[in-house]
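Trainee: CSV, C-alpha atoms, saved as entry.csv, coming up:
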chain,number,residue,atom,x,y,z
P,108,MET,CA,1.1,3.9,-55.6
P,109,PRO,CA,2.8,7.3,-55.9
P,110,ASN,CA,6.5,7.2,-56.1
P,111,ARG,CA,8.0,9.6,-53.7
P,112,GLN,CA,11.7,9.8,-53.0
P,113,ARG,CA,12.6,9.7,-49.4
P,114,ASN,CA,14.5,13.0,-49.4
P,115,GLN,CA,12.1,14.9,-51.5
P,116,PRO,CA,9.8,17.2,-49.5
P,117,LYS,CA,6.2,16.4,-49.5
P,118,LYS,CA,4.5,19.2,-51.2
P,119,ILE,CA,1.0,19.1,-52.7
P,120,LEU,CA,-1.7,16.6,-52.0
P,121,VAL,CA,-4.9,16.4,-54.2
P,122,ILE,CA,-7.8,15.1,-52.1
P,123,ILE,CA,-10.6,13.5,-54.2
P,124,PRO,CA,-13.7,12.6,-52.3
P,125,ALA,CA,-15.5,9.9,-54.2
P,126,TYR,CA,-18.8,8.2,-53.9
P,127,ASN,CA,-19.9,5.9,-56.7
P,128,GLU,CA,-17.7,7.6,-59.3
P,129,GLU,CA,-16.5,4.6,-61.3
P,130,SER,CA,-17.3,6.2,-64.6
P,131,SER,CA,-15.1,9.2,-64.0
P,132,ILE,CA,-12.5,8.4,-61.4
P,133,LYS,CA,-9.9,7.0,-63.7
P,134,LEU,CA,-10.0,10.0,-66.0
P,135,VAL,CA,-9.9,12.5,-63.1
P,136,ILE,CA,-6.8,10.8,-61.7
P,137,ALA,CA,-5.1,10.7,-65.1
P,138,ASP,CA,-5.9,14.4,-65.7
P,139,ILE,CA,-4.5,15.5,-62.4
P,140,ARG,CA,-1.4,13.3,-63.0
P,141,ARG,CA,-0.8,14.9,-66.4
P,142,VAL,CA,-0.9,18.5,-65.2
P,143,MET,CA,0.5,18.0,-61.7
P,144,PRO,CA,3.0,15.2,-62.1
P,145,THR,CA,4.7,15.9,-58.8
P,146,ALA,CA,1.6,16.2,-56.7
P,147,ASP,CA,0.3,13.2,-54.7
P,148,ILE,CA,-3.3,12.1,-55.0
P,149,VAL,CA,-5.5,10.6,-52.4
P,150,VAL,CA,-8.9,9.2,-53.2
P,151,ILE,CA,-11.2,9.0,-50.2
P,152,ASN,CA,-13.8,6.4,-51.2
P,153,ASP,CA,-16.9,7.0,-49.1
P,154,GLY,CA,-18.2,3.4,-49.0
P,155,SER,CA,-19.1,3.3,-52.7
P,156,GLN,CA,-21.1,0.4,-53.9
P,157,ASP,CA,-19.6,0.4,-57.3
P,158,ARG,CA,-16.0,-0.2,-58.5
P,159,THR,CA,-14.7,3.3,-57.6
P,160,SER,CA,-12.0,2.0,-55.3
P,161,GLU,CA,-10.9,-0.8,-57.6
P,162,TYR,CA,-10.6,1.6,-60.6
P,163,ALA,CA,-8.7,4.2,-58.6
P,164,LYS,CA,-6.3,1.6,-57.3
P,165,ALA,CA,-5.8,0.2,-60.8
P,166,THR,CA,-4.3,3.5,-61.9
P,167,GLY,CA,-1.4,2.9,-59.6
P,168,ARG,CA,-1.2,6.7,-59.3
P,169,ALA,CA,-3.2,7.4,-56.2
P,170,TRP,CA,-3.5,6.5,-52.6
P,171,VAL,CA,-6.9,5.0,-52.0
P,172,VAL,CA,-8.6,5.2,-48.6
P,173,ASP,CA,-11.7,3.0,-48.4
P,174,LEU,CA,-14.0,4.2,-45.6
P,175,PRO,CA,-15.8,1.2,-44.2
P,176,VAL,CA,-19.2,2.9,-44.1
P,177,ASN,CA,-20.7,5.8,-45.9
P,178,VAL,CA,-19.9,8.8,-43.7
P,179,GLY,CA,-21.0,11.7,-45.9
P,180,ILE,CA,-19.1,14.2,-47.9
P,181,GLY,CA,-17.9,16.3,-45.0
P,182,SER,CA,-16.3,13.5,-43.1
P,183,THR,CA,-14.9,12.1,-46.3
P,184,VAL,CA,-13.1,15.3,-47.2
P,185,GLN,CA,-11.9,15.6,-43.6
P,186,THR,CA,-10.3,12.2,-43.9
P,187,GLY,CA,-8.2,13.8,-46.6
P,188,PHE,CA,-7.2,16.6,-44.3
P,189,ILE,CA,-6.2,14.2,-41.5
P,190,PHE,CA,-4.1,12.3,-44.0
P,191,ALA,CA,-2.5,15.6,-45.3
P,192,ARG,CA,-1.8,16.7,-41.7
P,193,ARG,CA,-0.2,13.4,-40.7
P,194,GLN,CA,2.0,13.4,-43.9
P,195,ASP,CA,2.7,17.1,-43.4
P,196,TYR,CA,1.8,18.3,-46.8
P,197,ALA,CA,2.3,22.0,-47.4
P,198,PHE,CA,-0.7,22.4,-49.7
P,199,ALA,CA,-3.9,20.4,-50.2
P,200,VAL,CA,-6.3,20.7,-53.1
P,201,GLN,CA,-9.9,19.4,-52.8
P,202,PHE,CA,-11.1,18.1,-56.2
P,203,ASP,CA,-14.4,16.4,-57.0
P,204,GLY,CA,-14.3,12.9,-58.3
P,205,ASP,CA,-17.0,13.4,-60.8
P,206,GLY,CA,-15.1,15.4,-63.4
P,207,GLN,CA,-16.7,18.7,-62.7
P,208,HIS,CA,-13.5,20.5,-62.3
P,209,LYS,CA,-10.6,21.0,-64.6
P,210,ALA,CA,-7.3,19.6,-63.5
P,211,ALA,CA,-5.4,22.3,-65.3
P,212,GLU,CA,-7.0,24.9,-62.9
P,213,ILE,CA,-5.4,23.3,-59.8
P,214,ARG,CA,-2.4,25.5,-60.7
P,215,THR,CA,-4.7,28.6,-60.8
P,216,LEU,CA,-5.8,27.9,-57.3
P,217,LEU,CA,-2.3,27.2,-55.9
P,218,THR,CA,-0.9,30.3,-57.6
P,219,ALA,CA,-3.7,32.4,-56.1
P,220,LEU,CA,-3.0,30.9,-52.7
P,221,ARG,CA,0.6,32.2,-52.8
P,222,ARG,CA,-0.1,35.4,-54.7
P,223,GLU,CA,-2.9,36.5,-52.4
P,224,ASN,CA,-1.2,35.2,-49.3
P,225,ALA,CA,-4.4,33.4,-48.5
P,226,ASP,CA,-5.1,30.3,-46.4
P,227,VAL,CA,-7.9,29.0,-48.6
P,228,VAL,CA,-8.7,29.7,-52.2
P,229,ILE,CA,-12.0,28.7,-53.6
P,230,GLY,CA,-12.6,28.0,-57.3
P,231,SER,CA,-15.7,29.9,-58.3
P,232,ARG,CA,-18.0,29.6,-61.3
P,233,PHE,CA,-19.5,33.0,-60.6
P,234,CYS,CA,-16.9,35.6,-59.7
P,235,GLU,CA,-16.4,36.5,-63.4
P,236,ASP,CA,-18.9,36.6,-66.2
P,237,ARG,CA,-17.7,33.9,-68.3
P,238,ILE,CA,-18.8,30.7,-69.9
P,239,GLY,CA,-19.1,27.3,-68.3
P,240,PHE,CA,-21.7,25.3,-66.5
P,241,LYS,CA,-23.6,27.5,-64.0
P,242,SER,CA,-26.1,25.1,-62.5
P,243,SER,CA,-29.9,25.5,-62.4
P,244,PHE,CA,-31.8,28.7,-61.6
P,245,THR,CA,-33.1,27.6,-58.2
P,246,ARG,CA,-29.7,26.4,-57.2
P,247,ARG,CA,-28.2,29.7,-58.2
P,248,ILE,CA,-30.7,31.4,-55.9
P,249,GLY,CA,-29.5,29.3,-53.0
P,250,ILE,CA,-25.9,30.0,-53.8
P,251,LYS,CA,-26.8,33.8,-53.9
P,252,ILE,CA,-28.3,33.5,-50.4
P,253,PHE,CA,-25.1,32.0,-49.1
P,254,GLU,CA,-23.1,34.7,-50.7
P,255,LEU,CA,-25.1,37.4,-49.0
P,256,ILE,CA,-25.0,35.6,-45.6
P,257,ASN,CA,-21.3,35.0,-45.7
P,258,TRP,CA,-20.7,38.5,-46.7
P,259,LEU,CA,-22.8,39.8,-43.8
P,260,PHE,CA,-21.1,37.6,-41.3
P,261,ILE,CA,-17.4,37.4,-42.3
P,262,ARG,CA,-17.2,40.4,-44.6
P,263,THR,CA,-15.6,38.4,-47.4
P,264,ARG,CA,-17.3,38.1,-50.7
P,265,ILE,CA,-17.5,34.5,-51.7
P,266,THR,CA,-19.7,34.0,-54.7
P,267,ASP,CA,-19.6,30.3,-54.9
P,268,ASN,CA,-20.0,28.9,-51.4
P,269,THR,CA,-21.0,25.5,-52.6
P,270,SER,CA,-17.9,24.9,-54.7
P,271,GLY,CA,-15.9,21.8,-53.8
P,272,PHE,CA,-12.8,23.0,-55.7
P,273,ARG,CA,-10.5,24.5,-53.1
P,274,ALA,CA,-6.9,24.8,-52.2
P,275,TYR,CA,-5.6,25.0,-48.6
P,276,ASN,CA,-2.3,25.8,-47.0
P,277,ARG,CA,-0.8,24.0,-44.1
P,278,LYS,CA,-2.4,26.2,-41.5
P,279,ALA,CA,-5.9,25.5,-42.9
P,280,ILE,CA,-5.2,21.8,-43.3
P,281,ARG,CA,-4.3,21.5,-39.6
P,282,PHE,CA,-7.4,23.3,-38.6
P,283,LEU,CA,-9.8,21.4,-40.8
P,284,ALA,CA,-8.4,18.1,-39.8
P,285,GLU,CA,-9.8,18.9,-36.4
P,286,HIS,CA,-12.9,20.9,-37.3
P,287,TYR,CA,-14.9,20.2,-40.5
P,288,PRO,CA,-18.7,20.1,-40.9
P,289,HIS,CA,-20.4,16.8,-41.4
P,290,ASP,CA,-22.9,17.0,-44.2
P,291,PHE,CA,-23.2,19.7,-46.8
P,292,PRO,CA,-20.0,21.1,-45.5
P,293,GLU,CA,-19.0,23.7,-48.1
P,294,PRO,CA,-20.8,26.9,-47.2
P,295,GLU,CA,-20.5,26.2,-43.5
P,296,ALA,CA,-16.7,25.6,-43.9
P,297,VAL,CA,-16.4,29.1,-45.4
P,298,ILE,CA,-18.0,30.6,-42.3
P,299,LEU,CA,-16.0,28.5,-39.9
P,300,LEU,CA,-12.8,29.5,-41.6
P,301,GLY,CA,-13.7,33.1,-41.9
P,302,ARG,CA,-14.8,33.4,-38.3
P,303,ASN,CA,-11.6,31.8,-37.1
P,304,GLY,CA,-9.4,34.3,-38.8
P,305,PHE,CA,-8.4,32.4,-42.0
P,306,ARG,CA,-7.9,34.4,-45.2
P,307,LEU,CA,-10.2,33.3,-47.9
P,308,ARG,CA,-10.0,34.2,-51.5
P,309,GLU,CA,-11.8,33.3,-54.7
P,310,VAL,CA,-10.6,32.7,-58.2
P,311,TYR,CA,-12.6,32.1,-61.4
P,312,THR,CA,-12.6,28.5,-62.5
P,313,GLU,CA,-14.7,26.9,-65.2
P,314,MET,CA,-17.0,24.2,-64.3
P,315,CYS,CA,-18.2,21.4,-66.5
P,316,GLU,CA,-21.3,19.4,-66.1
P,317,ARG,CA,-20.6,16.2,-64.2
P,318,GLN,CA,-19.2,13.4,-66.4
P,319,GLY,CA,-20.8,10.7,-64.3
P,320,GLY,CA,-22.7,10.0,-61.1
P,321,ARG,CA,-25.5,12.1,-59.8
P,322,SER,CA,-25.7,15.2,-57.7
P,323,SER,CA,-26.2,14.4,-54.1
P,324,ILE,CA,-28.8,17.2,-53.7
P,325,SER,CA,-32.2,17.5,-55.5
P,326,GLY,CA,-35.9,18.1,-54.9
P,327,LEU,CA,-37.1,18.1,-51.4
P,328,LYS,CA,-33.5,17.5,-50.2
P,329,SER,CA,-32.5,20.9,-51.5
P,330,ILE,CA,-34.9,22.6,-49.1
P,331,TYR,CA,-33.6,20.5,-46.2
P,332,TYR,CA,-30.1,21.4,-47.5
P,333,MET,CA,-30.8,25.1,-47.3
P,334,ILE,CA,-32.3,25.0,-43.8
P,335,LYS,CA,-29.7,22.7,-42.4
P,336,VAL,CA,-26.8,24.8,-43.8
P,337,LEU,CA,-28.4,28.1,-42.7
P,338,LEU,CA,-28.9,26.7,-39.2
P,339,ALA,CA,-25.3,25.5,-39.1
P,340,ILE,CA,-24.1,28.9,-40.2
P,341,MET,CA,-26.1,30.7,-37.5
P,342,ILE,CA,-24.9,28.4,-34.8
P,343,ASN,CA,-21.3,28.9,-36.0
P,344,MET,CA,-21.8,32.6,-35.4
P,345,ILE,CA,-22.8,32.2,-31.8
P,346,ARG,CA,-20.2,29.7,-31.1
P,347,PRO,CA,-17.0,31.0,-29.5
P,348,LYS,CA,-14.0,31.2,-31.8
P,349,ILE,CA,-11.8,28.1,-31.7
P,350,THR,CA,-8.5,28.8,-30.1
P,351,ARG,CA,-5.6,27.3,-32.0
P,352,SER,CA,-2.3,26.2,-30.5
Y,158,MET,CA,-69.6,6.4,-2.8
Y,159,ASN,CA,-69.3,4.6,-6.1
Y,160,LEU,CA,-67.0,7.3,-7.4
Y,161,ASP,CA,-64.7,6.8,-4.5
Y,162,VAL,CA,-64.3,3.1,-5.1
Y,163,ASN,CA,-63.5,3.8,-8.8
Y,164,ILE,CA,-60.8,6.2,-7.9
Y,165,ASN,CA,-59.3,3.7,-5.4
Y,166,ILE,CA,-59.1,1.1,-8.1
Y,167,ILE,CA,-57.4,3.6,-10.4
Y,168,GLN,CA,-55.0,4.4,-7.6
Y,169,TYR,CA,-54.1,0.7,-7.2
Y,170,ILE,CA,-53.6,0.4,-10.9
Y,171,ALA,CA,-51.4,3.5,-10.9
Y,172,ILE,CA,-49.3,2.3,-8.0
Y,173,ALA,CA,-48.9,-1.2,-9.5
Y,174,GLY,CA,-48.1,0.2,-12.9
Y,175,SER,CA,-45.4,2.5,-11.5
Y,176,VAL,CA,-43.9,-0.3,-9.4
Y,177,LEU,CA,-43.9,-2.7,-12.4
Y,178,PHE,CA,-42.3,-0.1,-14.5
Y,179,ILE,CA,-39.5,0.6,-12.0
Y,180,LEU,CA,-38.9,-3.1,-11.7
Y,181,PHE,CA,-38.8,-3.5,-15.5
Y,182,ILE,CA,-36.1,-0.7,-15.7
Y,183,ILE,CA,-34.1,-2.2,-12.9
Y,184,GLU,CA,-34.3,-5.6,-14.6
Y,185,LEU,CA,-33.0,-4.0,-17.8
Y,186,ILE,CA,-30.1,-2.5,-16.0
Y,187,ARG,CA,-29.4,-5.8,-14.2
Y,188,LYS,CA,-29.3,-7.6,-17.6
Y,189,LYS,CA,-27.0,-4.9,-18.9
Y,190,ALA,CA,-29.5,-4.1,-21.6
Y,191,LEU,CA,-29.6,-0.5,-20.4
Y,192,HIS,CA,-26.7,1.6,-19.2
Y,193,GLU,CA,-27.2,3.2,-15.8
Y,194,ALA,CA,-26.5,6.6,-17.3
Y,195,TYR,CA,-29.5,6.3,-19.7
Y,196,ALA,CA,-31.8,4.7,-17.1
Y,197,ILE,CA,-31.6,7.6,-14.6
Y,198,LEU,CA,-34.1,9.8,-16.4
Y,199,TRP,CA,-36.5,6.9,-16.7
Y,200,LEU,CA,-36.2,6.0,-13.0
Y,201,VAL,CA,-36.6,9.6,-11.9
Y,202,PHE,CA,-39.9,10.0,-13.7
Y,203,ALA,CA,-41.1,6.6,-12.7
Y,204,LEU,CA,-40.5,7.6,-9.1
Y,205,VAL,CA,-42.4,10.9,-9.6
Y,206,PHE,CA,-45.3,8.9,-11.0
Y,207,LEU,CA,-45.2,6.4,-8.1
Y,208,SER,CA,-45.2,9.2,-5.5
Y,209,LEU,CA,-48.1,10.9,-7.3
Y,210,SER,CA,-50.1,7.7,-7.3
Y,211,ILE,CA,-49.5,7.1,-3.6
Y,212,TRP,CA,-50.0,10.7,-2.5
Y,213,ARG,CA,-53.0,11.7,-4.4
Y,214,LYS,CA,-53.4,15.0,-2.6
Y,215,GLY,CA,-50.0,15.9,-4.0
Y,216,LEU,CA,-51.2,16.2,-7.5
Y,217,GLU,CA,-54.0,18.6,-6.4
Y,218,ILE,CA,-51.5,20.7,-4.4
Y,219,VAL,CA,-49.1,20.9,-7.2
Y,220,SER,CA,-51.8,21.8,-9.7
Y,221,GLY,CA,-53.1,24.5,-7.4
Y,222,LEU,CA,-49.6,25.9,-7.0
Y,223,ILE,CA,-49.0,26.4,-10.7
Y,224,GLY,CA,-52.6,27.3,-11.5
Y,225,ILE,CA,-53.9,24.2,-13.3
Y,226,SER,CA,-57.6,23.9,-12.5
Y,227,TYR,CA,-57.9,20.3,-13.7
Y,228,PRO,CA,-55.4,18.2,-11.7
Y,229,PRO,CA,-55.1,15.3,-14.2
Y,230,ALA,CA,-53.8,17.9,-16.7
Y,231,ALA,CA,-50.8,18.3,-14.4
Y,232,LEU,CA,-50.2,14.6,-14.8
Y,233,PHE,CA,-50.2,14.9,-18.6
Y,234,LEU,CA,-47.9,17.8,-18.3
Y,235,THR,CA,-45.4,15.9,-16.2
Y,236,LEU,CA,-45.6,13.0,-18.6
Y,237,MET,CA,-44.9,15.3,-21.6
Y,238,ILE,CA,-42.0,16.9,-19.8
Y,239,ALA,CA,-40.6,13.5,-19.1
Y,240,MET,CA,-40.9,12.4,-22.7
Y,241,PHE,CA,-39.3,15.6,-24.0
Y,242,LEU,CA,-36.3,15.3,-21.7
Y,243,ILE,CA,-35.8,11.6,-22.5
Y,244,LEU,CA,-36.1,12.2,-26.3
Y,245,ILE,CA,-33.6,15.1,-26.1
Y,246,GLN,CA,-31.3,12.9,-24.2
Y,247,PHE,CA,-31.7,10.4,-27.1
Y,248,SER,CA,-30.8,13.0,-29.7
Y,249,ILE,CA,-27.7,13.9,-27.7
Y,250,VAL,CA,-26.6,10.3,-27.4
Y,251,ILE,CA,-27.2,9.7,-31.1
Y,252,SER,CA,-25.2,12.8,-32.1
Y,253,LYS,CA,-22.3,11.6,-30.0
Y,254,LEU,CA,-22.5,8.1,-31.4
Y,255,SER,CA,-22.4,9.4,-35.0
Y,256,GLU,CA,-19.4,11.6,-34.1
Y,257,ASN,CA,-17.6,8.6,-32.7
Y,258,ASN,CA,-18.7,6.5,-35.6
Y,259,LYS,CA,-17.2,9.0,-38.0
Y,260,LYS,CA,-13.9,9.1,-36.2
Y,261,ILE,CA,-13.7,5.4,-36.1
Y,262,SER,CA,-14.5,5.1,-39.8
Y,263,GLN,CA,-11.9,7.7,-40.8
Y,264,GLU,CA,-9.2,6.0,-38.7
Y,265,LEU,CA,-10.1,2.6,-40.0
Y,266,GLY,CA,-9.9,3.7,-43.6
Y,267,LEU,CA,-6.5,5.3,-43.1
Y,268,LEU,CA,-5.2,2.3,-41.1
Y,269,LYS,CA,-6.3,-0.2,-43.8
Y,270,MET,CA,-4.5,1.8,-46.4
Y,271,GLU,CA,-1.3,2.0,-44.3
Y,272,MET,CA,-1.5,-1.7,-43.7
Y,273,GLU,CA,-1.8,-2.5,-47.4
Y,274,GLN,CA,1.2,-0.3,-48.0
Y,275,LEU,CA,3.2,-2.1,-45.4
Y,276,ARG,CA,2.2,-5.5,-46.7
Y,277,LYS,CA,3.2,-4.6,-50.2
Y,278,LYS,CA,6.6,-3.3,-49.0
Y,279,GLN,CA,7.2,-6.5,-47.1
Y,280,THR,CA,6.4,-8.8,-50.1
Y,281,ARG,CA,8.7,-6.7,-52.2
Y,282,LYS,CA,11.5,-7.1,-49.7
Y,283,ARG,CA,11.0,-10.9,-49.5
Y,284,LYS,CA,11.5,-11.0,-53.3
Rewrite the coordinates I just gave you, this time as structure tokens.

Mentor:
Amino acid sequence: MPNRQRNQPKKILVIIPAYNEESSIKLVIADIRRVMPTADIVVINDGSQDRTSEYAKATGRAWVVDLPVNVGIGSTVQTGFIFARRQDYAFAVQFDGDGQHKAAEIRTLLTALRRENADVVIGSRFCEDRIGFKSSFTRRIGIKIFELINWLFIRTRITDNTSGFRAYNRKAIRFLAEHYPHDFPEPEAVILLGRNGFRLREVYTEMCERQGGRSSISGLKSIYYMIKVLLAIMINMIRPKITRS
Amino acid sequence: MNLDVNINIIQYIAIAGSVLFILFIIELIRKKALHEAYAILWLVFALVFLSLSIWRKGLEIVSGLIGISYPPAALFLTLMIAMFLILIQFSIVISKLSENNKKISQELGLLKMEMEQLRKKQTRKRK
């Protein structure tokens, strides 16, 4: 388990949602550890059927929360926020367990968070024309639609609404520990945050093709995904703003 | 004449059916197989059907009021409204259950981890 001295302030928590990621989880944890030696890591295992939890625990470098049933990606990530809020971390970084993101770029996100004075920074594949894995054509169309809708509604240009590589400050952690969408949460979370007055920014990050596991969304499911997320976004817009204490 | 008798038989069947249904719902509540809160809609509509079977003129009056020329259609309409309302209630209850389920799972996961930590700390102390 992570060694943290009692007097040392808790600073950065990396939240890794993981569902059946036994082939990549060790590497992901090791990578983060290498570039962010002082950050704490929590793996939220969403009821995996494989040995994700075992492998993550074996590294001895991460807290591992095993959810007793499969609750979906939204509620999994939210468990990380609840943990971060209770342990009073100043920053949280959401990082996929499948090796799609580059650990070295966690710093990029955190730097942007401070530099831009933002509450949330999203790692985007698209906000600069550069190399890297860009996903399939149809999926890019979907992502483009989200960009347009979010721009219309919250007047912030987010080019990669489906990105699960994000950094949050304490204010955002507290909010999301209470309010986070259930399934397919990423685009909806952008609207939710934007609408409730959080400052969102985007930085370019490179994305690799997943090292293991499978995408959770394909085929007919992607149509359902689009409809569900669009409905959720519309509903978010007609909901009253959430008052924060 | 013949027609009248048929309608009477139908009426008896309708009354008996409605009464049996009400008894069935009450029995379910008694056995605690059904919470009162979720039985209310069933009972309300069972009573509506019971009153319509006893007071046959009622169906014709109601149909006339809302401009339905074929009274049995009003019966189907009532049935459909009943089904809709009860199904919507189901969806609401399911959503609430899944929300509770989520919260319980999150807490349980976090608690299990905390307990493991505590247990490890204790065994370390004992050594």

Trainee: Which residue is closest to chain P? Choose from Y:Lys284, Y:Gln274, Y:Lys253, Y:Val205 and count all atoms listed in the file.

Mentor: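 Of the candidates, the smallest distance to chain P is held by Y:Gln274.
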
Trainee: In terms of the shortest atom-to-atom distance over all atoms listed in the file, which of P:Ala284, P:Ala165, P:Val121, P:Ala146 is closest to chain Y?

Mentor: P:Ala284

Trainee: Quick one, how far is atom CA of P:Lys209 from atom CA of P:Phe272?

Mentor: 9.4 Å

Trainee: Within 8 Å of chain P, which residues of chain Y are there when counting all atoms listed in the file? Please give them as a VMD selection string.

Mentor: chain Y and resid 259 262 to 263 265 to 267 269 to 270

Trainee: Give me the residues within 10 Å of P:Glu309 as a list in words, counting all atoms listed in the file and dropping any in the same chain fewer than 6 places off.

Mentor: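 Those residues are Leu216, Ala219, Leu220, Glu223, Ala225, Val227, Val228, Ile229, Gly230, Ser231, Arg232, Phe233, Cys234, Thr263, Arg264, Ile265, Thr266, Asp267, Asn268 and Arg273 of chain P.
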
Trainee: If we count all atoms listed in the file, what is near P:Asp203 at a cut-off of 7 Å, once residues fewer than 5 positions away on the same chain are taken out, given as a PDB file with C-alpha atoms, in the frame of the given file?

Mentor:
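Result written to out34.pdb:
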ATOM      1  CA  ILE P 123     -10.600  13.500 -54.200  1.00  0.00           C
ATOM      2  CA  PRO P 124     -13.700  12.600 -52.300  1.00  0.00           C
ATOM      3  CA  HIS P 208     -13.500  20.500 -62.300  1.00  0.00           C
ATOM      4  CA  GLY P 271     -15.900  21.800 -53.800  1.00  0.00           C
ATOM      5  CA  PHE P 272     -12.800  23.000 -55.700  1.00  0.00           C
TER       6      PHE P 272
END

Trainee: State, in Å with one decimal place, the distance from atom CA of P:Arg306 to atom CA of P:Asp226.

Mentor: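 Between these atoms lies a distance of 5.1 Å.
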
Trainee: Skipping near chain neighbours, those fewer than 4 positions away, what residues fall within 10 Å of Y:Ala196 using all atoms listed in the file, listed as a list in words?

Mentor: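 Surrounding residues, per the criterion: Ile182, Ile183, Leu185, Ile186, Leu191, His192, Leu200, Val201 and Ile243 of chain Y.
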
Trainee: Could you tell me how far atom CA of Y:Leu236 sits from atom CA of Y:Leu177, in Å to one decimal place?

Mentor: 17.0 Å

Trainee: Compare P:Cys315, P:Ile280, P:Met344, P:Ala211 by their minimum atom-to-atom distance to P:Phe198, counting only C-alpha atoms, and give me the closest one.

Mentor: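 Of P:Cys315, P:Ile280, P:Met344, P:Ala211, the one nearest P:Phe198, counting only C-alpha atoms, is P:Ile280.
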
Trainee: With only C-alpha atoms counted, which protein, DNA or RNA residues have an atom no more than 12 Å from (-51.1, 14.0, -16.1) in the file frame? Please answer as number ranges by chain.

Mentor: Y: 171, 205-206, 209-210, 216-217, 219-220, 225, 227-239
